[in-house]
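Read the structure below first, then the notes.
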Amino acid sequence: MIEPFPLSFLFLFGAVLAASLYSVLSRRLSRDFTPVEATAVMMWTGAAFFVPLAFGIHLSSGTAFPFRALAAPSVLLSVAYLGLLSSVAAFFLLNYMFRHLAAVRTVVYTNLTTLVSVLAGVFFLGERLAPRQWLG
C-alpha cells in the first residue's frame with residue numbers, strides 16, 4: 001500500500017523555500033546594511049518573538065518560568081554558548097558572507113553545515129551511520 005503524501009515533505013519543502021528566500025533577501029539587503037546591523041536586527045527580532053512565547057507557554061502550563069535554573073553555572077555556560085557562538089557569531093559570519101560573496105557561493109558553504117554536523121556526530125559522539133545514510 002502506498003502511503004499518502006506525508007506532511008513532513010510539505011514541512012521540508014517549506015524549509016527549503018524559506019531558506020532560499022532568506023538567501024536572496026539577505027544578499028540584497030547586505031548592500032544597505034552591515035553584517036553587524038543585520039545580525040542585531042535578527043537577534044532582537046527573534047528575542048521579541050520567542051521570549052514572550054516562552055513566557056506564555058510556561059504561564060499557560062502552570063509552570064513558573066525557570067529562572068532558578070539560570071543560577072546553575074552549567075546552564076549559564078550552555079546559554080552563553082548557544083546564544084553567543086551558535087547564534088550571534090554564526091549569523092554574523094553568514095551575514096558577512098552574504099555581503100562579500102554571491103548568494104550562490106554562500107549557500108554552497110552553508111550547506112556544508114549538514115556534512116560537518118554528521119561527521120562530528122560520527123567522530124566525536126560515536127554515532128553510527130548505515131550505508132544508505134552514507135549514500136544520502
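As shown in the C-alpha cells, the chain order sets the letters A, B, ...; within each chain, residues go from 1, and ligands are also counted from 1 in the order they appear.
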Practice item. Among the residues of range 23-131 of chain A, find those DSSP assigns to alpha helix (DSSP H) from the backbone and print them as a ChimeraX atom specification. Key: /A:23-29,35-61,73-80,90-100,103-125,131
For range 37-50 of chain A, please output as an mmCIF file with N, CA and C atoms, in the first residue's frame all residues within 12 Å (counting only C-alpha atoms; exclusion window: fewer than 2 positions along the same chain).
```
data_model
loop_
_atom_site.group_PDB
_atom_site.id
_atom_site.type_symbol
_atom_site.label_atom_id
_atom_site.label_comp_id
_atom_site.auth_asym_id
_atom_site.auth_seq_id
_atom_site.Cartn_x
_atom_site.Cartn_y
_atom_site.Cartn_z
ATOM 1 N N TYR A 22 15.381 33.527 2.180
ATOM 2 C CA TYR A 22 16.289 34.185 3.117
ATOM 3 C C TYR A 22 17.613 34.514 2.434
ATOM 4 N N LEU A 25 17.074 37.432 -0.163
ATOM 5 C CA LEU A 25 16.802 38.709 0.507
ATOM 6 C C LEU A 25 18.007 39.196 1.311
ATOM 7 N N SER A 26 18.715 38.286 1.955
ATOM 8 C CA SER A 26 19.895 38.685 2.731
ATOM 9 C C SER A 26 20.968 39.268 1.833
ATOM 10 N N ARG A 27 21.164 38.659 0.697
ATOM 11 C CA ARG A 27 22.158 39.174 -0.246
ATOM 12 C C ARG A 27 21.776 40.574 -0.709
ATOM 13 N N ARG A 28 20.506 40.764 -1.026
ATOM 14 C CA ARG A 28 20.041 42.069 -1.486
ATOM 15 C C ARG A 28 20.163 43.125 -0.384
ATOM 16 N N LEU A 29 19.771 42.768 0.840
ATOM 17 C CA LEU A 29 19.828 43.724 1.950
ATOM 18 C C LEU A 29 21.249 43.979 2.428
ATOM 19 N N SER A 30 22.179 43.092 2.106
ATOM 20 C CA SER A 30 23.564 43.275 2.548
ATOM 21 C C SER A 30 24.228 44.480 1.891
ATOM 22 N N ARG A 31 23.629 44.978 0.817
ATOM 23 C CA ARG A 31 24.153 46.187 0.178
ATOM 24 C C ARG A 31 23.880 47.429 1.020
ATOM 25 N N ASP A 32 22.779 47.404 1.775
ATOM 26 C CA ASP A 32 22.366 48.584 2.534
ATOM 27 C C ASP A 32 22.727 48.516 4.018
ATOM 28 N N PHE A 33 22.956 47.316 4.539
ATOM 29 C CA PHE A 33 23.201 47.160 5.966
ATOM 30 C C PHE A 33 24.476 46.360 6.198
ATOM 31 N N THR A 34 25.195 46.711 7.255
ATOM 32 C CA THR A 34 26.412 45.973 7.595
ATOM 33 C C THR A 34 26.029 44.630 8.220
ATOM 34 N N PRO A 35 26.959 43.692 8.244
ATOM 35 C CA PRO A 35 26.670 42.413 8.900
ATOM 36 C C PRO A 35 26.306 42.570 10.380
ATOM 37 N N PRO A 52 8.441 36.282 24.687
ATOM 38 C CA PRO A 52 7.031 36.273 25.101
ATOM 39 C C PRO A 52 6.352 34.919 24.861
ATOM 40 N N LEU A 53 6.732 34.239 23.797
ATOM 41 C CA LEU A 53 6.178 32.914 23.527
ATOM 42 C C LEU A 53 6.543 31.944 24.654
ATOM 43 N N ALA A 54 7.790 31.976 25.097
ATOM 44 C CA ALA A 54 8.223 31.099 26.189
ATOM 45 C C ALA A 54 7.477 31.434 27.480
ATOM 46 N N PHE A 55 7.332 32.723 27.781
ATOM 47 C CA PHE A 55 6.574 33.113 28.970
ATOM 48 C C PHE A 55 5.135 32.619 28.874
ATOM 49 N N GLY A 56 4.527 32.784 27.711
ATOM 50 C CA GLY A 56 3.147 32.343 27.529
ATOM 51 C C GLY A 56 2.989 30.844 27.706
ATOM 52 N N ILE A 57 3.916 30.078 27.179
ATOM 53 C CA ILE A 57 3.854 28.622 27.318
ATOM 54 C C ILE A 57 3.975 28.227 28.781
ATOM 55 N N GLY A 83 23.726 31.086 22.722
ATOM 56 C CA GLY A 83 23.358 32.446 22.357
ATOM 57 C C GLY A 83 24.442 33.182 21.600
ATOM 58 N N LEU A 84 25.672 33.112 22.136
ATOM 59 C CA LEU A 84 26.748 33.907 21.547
ATOM 60 C C LEU A 84 27.422 33.228 20.363
ATOM 61 N N SER A 86 26.606 29.983 18.833
ATOM 62 C CA SER A 86 25.751 29.289 17.868
ATOM 63 C C SER A 86 24.767 30.215 17.181
ATOM 64 N N SER A 87 24.454 31.329 17.774
ATOM 65 C CA SER A 87 23.506 32.243 17.134
ATOM 66 C C SER A 87 24.193 33.503 16.639
ATOM 67 N N VAL A 88 24.681 34.321 17.548
ATOM 68 C CA VAL A 88 25.223 35.621 17.152
ATOM 69 C C VAL A 88 26.424 35.465 16.219
ATOM 70 N N ALA A 89 27.410 34.694 16.633
ATOM 71 C CA ALA A 89 28.622 34.559 15.805
ATOM 72 C C ALA A 89 28.318 33.879 14.473
ATOM 73 N N ALA A 90 27.528 32.825 14.511
ATOM 74 C CA ALA A 90 27.235 32.101 13.271
ATOM 75 C C ALA A 90 26.457 32.974 12.289
ATOM 76 N N PHE A 91 25.450 33.696 12.771
ATOM 77 C CA PHE A 91 24.677 34.536 11.853
ATOM 78 C C PHE A 91 25.460 35.766 11.421
ATOM 79 N N PHE A 92 26.355 36.271 12.279
ATOM 80 C CA PHE A 92 27.220 37.362 11.841
ATOM 81 C C PHE A 92 28.085 36.893 10.676
ATOM 82 N N LEU A 93 28.691 35.711 10.820
ATOM 83 C CA LEU A 93 29.527 35.191 9.742
ATOM 84 C C LEU A 93 28.719 34.937 8.464
ATOM 85 N N LEU A 94 27.497 34.454 8.632
ATOM 86 C CA LEU A 94 26.632 34.249 7.467
ATOM 87 C C LEU A 94 26.311 35.584 6.792
ATOM 88 N N ASN A 95 25.955 36.586 7.584
ATOM 89 C CA ASN A 95 25.667 37.908 7.016
ATOM 90 C C ASN A 95 26.916 38.527 6.388
ATOM 91 N N TYR A 96 28.073 38.261 6.972
ATOM 92 C CA TYR A 96 29.335 38.735 6.394
ATOM 93 C C TYR A 96 29.567 38.084 5.029
ATOM 94 N N PHE A 98 27.249 36.898 3.023
ATOM 95 C CA PHE A 98 26.290 37.435 2.061
ATOM 96 C C PHE A 98 26.740 38.793 1.533
ATOM 97 N N ARG A 99 27.442 39.546 2.362
ATOM 98 C CA ARG A 99 27.896 40.869 1.921
ATOM 99 C C ARG A 99 29.059 40.763 0.926
#
```
Exercise for review: Please provide as a list in words all residues within 12 Å of Gln133 in chain A, with the sequence filter that same-chain residues fewer than 6 positions apart are discarded (counting only C-alpha atoms).
Suggested key: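 Surrounding residues, per the criterion: Leu115, Val118, Leu119, Val122 and Glu127 of chain A.
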Review point. Ser20 in chain A: which residues within 12 Å, counting only C-alpha atoms, same-chain residues fewer than 2 positions away excluded, as a VMD selection string?
Key: chain A and resid 13 to 18 22 to 27 103 to 104 106 to 108 110 to 111
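Atom pair CA of Leu129 in chain A / CA of Leu7 in chain A has a distance of 25.3 Å (rounded to one decimal).
The coordinates place CA of Ser78 in chain A at 20.4 Å from CA of His58 in chain A.
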